[in-house]
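Colleague: My structure is below; once you've seen it, I'll send some questions.
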Amino acid sequence: VQLQASGGGSVQAGDSLRLSCAGSGGTFRNYHMGWFRQAPGKEREFVSSTSRGGSGTQYADFVKGRFTMSRDNAKSTVYLQMNSLKPEDTAVYYCAAKSILTGPYNYWGQGTLVTVSS
């Protein structure tokens, strides 16, 4: 499956953004999906994940209550609604897919940059 992330941009602290990740070339509903991010000079970190049917969504502690991940299998798209953005949320955000729940993410999108200024 090929993944295309979009929706990044430059915002002020407290603003909201919604990222999208569109899948193609595969049966999207067969994949568990995740969002990750990588800030400048830091390692990539987990943000959120959801299972094939959209249940069992998990979040990193630093985004709980602020970010919401969802998916629309009919549109082959996952979303990351980001509210109450903070400067420390500045990063390149990547979506990823895997076919086995307990396995590694096999497919990665190209990333979309989110910049939050104070």
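Going by the structure tokens order, chains are called A, B, ..., each with residues numbered from 1, while ligands are numbered from 1 in the order shown.
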At a cut-off of 12 Å, using only C-alpha atoms, what residues contact Asp15 of chain A? Leave out same-chain residues fewer than 4 positions from it and give the result as a PDB file with N, CA and C atoms, in the first residue's frame.

Modeller:
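Contents of around.pdb, as written:
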```pdb
ATOM      1  N   GLY A   9       1.084  22.230   8.349  1.00  0.00           N
ATOM      2  CA  GLY A   9       1.168  23.658   8.118  1.00  0.00           C
ATOM      3  C   GLY A   9       1.765  24.374   9.312  1.00  0.00           C
ATOM      4  N   SER A  10       1.741  25.674   9.265  1.00  0.00           N
ATOM      5  CA  SER A  10       2.260  26.508  10.351  1.00  0.00           C
ATOM      6  C   SER A  10       1.098  27.151  11.079  1.00  0.00           C
ATOM      7  N   VAL A  11       1.036  26.939  12.381  1.00  0.00           N
ATOM      8  CA  VAL A  11      -0.055  27.467  13.192  1.00  0.00           C
ATOM      9  C   VAL A  11       0.498  28.065  14.476  1.00  0.00           C
ATOM     10  N   ARG A  66      -5.846  15.639  23.512  1.00  0.00           N
ATOM     11  CA  ARG A  66      -5.681  16.716  22.524  1.00  0.00           C
ATOM     12  C   ARG A  66      -5.811  16.219  21.087  1.00  0.00           C
ATOM     13  N   PHE A  67      -5.321  15.020  20.825  1.00  0.00           N
ATOM     14  CA  PHE A  67      -5.343  14.463  19.470  1.00  0.00           C
ATOM     15  C   PHE A  67      -6.364  13.336  19.399  1.00  0.00           C
ATOM     16  N   GLN A  81      -6.775  14.402  14.146  1.00  0.00           N
ATOM     17  CA  GLN A  81      -7.258  15.715  14.545  1.00  0.00           C
ATOM     18  C   GLN A  81      -6.418  16.184  15.717  1.00  0.00           C
ATOM     19  N   MET A  82      -5.743  17.292  15.549  1.00  0.00           N
ATOM     20  CA  MET A  82      -4.839  17.801  16.569  1.00  0.00           C
ATOM     21  C   MET A  82      -5.369  19.128  17.087  1.00  0.00           C
ATOM     22  N   ASN A  83      -5.738  19.153  18.343  1.00  0.00           N
ATOM     23  CA  ASN A  83      -6.248  20.358  18.989  1.00  0.00           C
ATOM     24  C   ASN A  83      -5.264  20.841  20.048  1.00  0.00           C
ATOM     25  N   SER A  84      -5.432  22.072  20.453  1.00  0.00           N
ATOM     26  CA  SER A  84      -4.599  22.657  21.510  1.00  0.00           C
ATOM     27  C   SER A  84      -3.119  22.409  21.238  1.00  0.00           C
ATOM     28  N   LEU A  85      -2.708  22.709  20.030  1.00  0.00           N
ATOM     29  CA  LEU A  85      -1.326  22.450  19.644  1.00  0.00           C
ATOM     30  C   LEU A  85      -0.342  23.275  20.461  1.00  0.00           C
ATOM     31  N   LYS A  86       0.800  22.659  20.720  1.00  0.00           N
ATOM     32  CA  LYS A  86       1.853  23.287  21.501  1.00  0.00           C
ATOM     33  C   LYS A  86       3.118  23.381  20.639  1.00  0.00           C
ATOM     34  N   PRO A  87       4.020  24.298  20.951  1.00  0.00           N
ATOM     35  CA  PRO A  87       5.269  24.382  20.188  1.00  0.00           C
ATOM     36  C   PRO A  87       6.024  23.047  20.156  1.00  0.00           C
ATOM     37  N   ASP A  89       4.853  20.251  19.749  1.00  0.00           N
ATOM     38  CA  ASP A  89       4.256  19.354  18.755  1.00  0.00           C
ATOM     39  C   ASP A  89       4.871  19.553  17.372  1.00  0.00           C
ATOM     40  N   VAL A 114       4.442  19.880  10.527  1.00  0.00           N
ATOM     41  CA  VAL A 114       3.611  20.703  11.391  1.00  0.00           C
ATOM     42  C   VAL A 114       4.526  21.611  12.202  1.00  0.00           C
ATOM     43  N   THR A 115       4.293  22.900  12.111  1.00  0.00           N
ATOM     44  CA  THR A 115       5.092  23.872  12.855  1.00  0.00           C
ATOM     45  C   THR A 115       4.155  24.687  13.735  1.00  0.00           C
ATOM     46  N   VAL A 116       4.420  24.679  15.029  1.00  0.00           N
ATOM     47  CA  VAL A 116       3.592  25.401  15.988  1.00  0.00           C
ATOM     48  C   VAL A 116       4.447  26.465  16.652  1.00  0.00           C
ATOM     49  N   SER A 117       4.038  27.695  16.505  1.00  0.00           N
ATOM     50  CA  SER A 117       4.792  28.798  17.098  1.00  0.00           C
ATOM     51  C   SER A 117       4.063  29.332  18.330  1.00  0.00           C
ATOM     52  N   SER A 118       4.844  29.880  19.224  1.00  0.00           N
ATOM     53  CA  SER A 118       4.268  30.369  20.495  1.00  0.00           C
ATOM     54  C   SER A 118       3.841  31.810  20.382  1.00  0.00           C
TER      55      SER A 118
END
```

Colleague: Give me the residues near segment 46-60 of chain A as a ChimeraX atom specification, where near means some atom within 10 Å (using only C-alpha atoms) and where sequence neighbours in that chain fewer than 6 positions away do not count.

Modeller: /A:28-38,66-73,78,80,93-101

Colleague: Write the residues of the preceding selection, restricted to C-alpha atoms, as a compact mmCIF listing (two decimals), in the first residue's frame.

Modeller:
```
# COMPACT_ATOMS: atom_id res chain seq x y z
CA PHE A 28 -6.87 -0.32 3.10
CA ARG A 29 -9.20 -1.95 5.59
CA ASN A 30 -6.73 -4.82 5.98
CA TYR A 31 -4.12 -2.57 7.57
CA HIS A 32 -3.61 -1.37 11.08
CA MET A 33 -2.60 2.27 10.94
CA GLY A 34 -0.37 4.52 12.97
CA TRP A 35 0.86 8.08 13.24
CA PHE A 36 4.40 8.92 14.24
CA ARG A 37 6.37 12.12 14.41
CA GLN A 38 9.95 13.24 14.30
CA ARG A 66 -5.68 16.72 22.52
CA PHE A 67 -5.34 14.46 19.47
CA THR A 68 -7.92 12.12 17.99
CA MET A 69 -7.19 9.47 15.41
CA SER A 70 -9.92 8.11 13.18
CA ARG A 71 -10.24 6.23 9.94
CA ASP A 72 -12.68 6.01 7.07
CA ASN A 73 -12.10 2.73 5.29
CA VAL A 78 -6.95 7.94 8.34
CA LEU A 80 -5.30 12.85 13.04
CA TYR A 93 4.27 13.65 11.03
CA TYR A 94 4.25 10.30 9.31
CA CYS A 95 1.49 7.78 8.79
CA ALA A 96 2.29 4.10 8.64
CA ALA A 97 0.54 0.82 7.97
CA LYS A 98 1.04 -2.77 8.97
CA SER A 99 -0.82 -5.96 8.20
CA ILE A 100 -0.02 -7.79 11.44
CA LEU A 101 -1.17 -6.14 14.67
```

Colleague: Atom CA of Leu19 of chain A to atom CA of Thr77 of chain A: how many Å, to one decimal?

Modeller: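 So the two atoms, atom CA of Leu19 of chain A and atom CA of Thr77 of chain A, lie 10.1 Å apart.
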
Colleague: Find the residues near Ser24 of chain A: any atom within 10 Å, counting only C-alpha atoms, skip ones fewer than 4 places away on the same chain, and give them as a VMD selection string.

Modeller: chain A and resid 1 to 4 28 75 to 77

Colleague: Would you give me, as a ChimeraX atom specification, the residues in chain A that DSSP reads as strand (DSSP E)?

Modeller: /A:2-6,9-12,17-24,32-38,45-50,58-59,67-72,77-82,91-98,107-108,112-117

Colleague: Given the choices A:Tyr79, A:Gly26, A:Asn106, A:Glu88, which gets closest to Ala5 of chain A if the distance is worked out from only C-alpha atoms?

Modeller: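 Checking each of A:Tyr79, A:Gly26, A:Asn106, A:Glu88 against Ala5 of chain A, counting only C-alpha atoms, the winner is A:Tyr79.
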
Colleague: How far is it from atom CA of Leu17 of chain A to atom CA of Gly111 of chain A, in Å with one decimal?

Modeller: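 These two atoms are separated by 14.7 Å.
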
Colleague: Env of Gly7 of chain A: 7 Å cut, atoms = only C-alpha atoms, seq-sep filter 3 positions within chain, self excluded. Answer as a CSV table (one decimal) with N, CA and C atoms, in the first residue's frame.

Modeller:
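Okay, this is what ended up in around_13.csv:
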```
chain,number,residue,atom,x,y,z
A,18,ARG,N,-5.9,19.2,11.1
A,18,ARG,CA,-6.3,17.9,10.9
A,18,ARG,C,-5.4,17.3,9.8
A,19,LEU,N,-4.6,16.3,10.1
A,19,LEU,CA,-3.8,15.6,9.1
A,19,LEU,C,-4.6,14.5,8.5
A,20,SER,N,-4.3,14.2,7.3
A,20,SER,CA,-5.0,13.1,6.5
A,20,SER,C,-3.9,12.2,6.0
A,112,THR,N,4.4,14.9,6.7
A,112,THR,CA,3.9,16.3,6.5
A,112,THR,C,4.3,17.1,7.7
```

Colleague: Identify which of the residues A:Ala39, A:Val63, A:Cys21, A:Ala13 lies closest to Leu113 of chain A, counting only C-alpha atoms when measuring atom-to-atom distances.

Modeller: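 For Leu113 of chain A, the nearest of the candidates is A:Ala39.
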
Colleague: So, with only C-alpha atoms as the atoms that count, which of A:Lys64, A:Thr27, A:Trp108, A:Val92 lies closest to Glu43 of chain A?

Modeller: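 Of A:Lys64, A:Thr27, A:Trp108, A:Val92, the one nearest Glu43 of chain A, counting only C-alpha atoms, is A:Val92.
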
Colleague: Please give the complete set of residues from segment 7-101 of chain A that DSSP, run on the backbone, assigns to helix (DSSP H, G or I), formatted as number ranges by chain.

Modeller: A: 28-30, 61-63, 73-75, 87-89
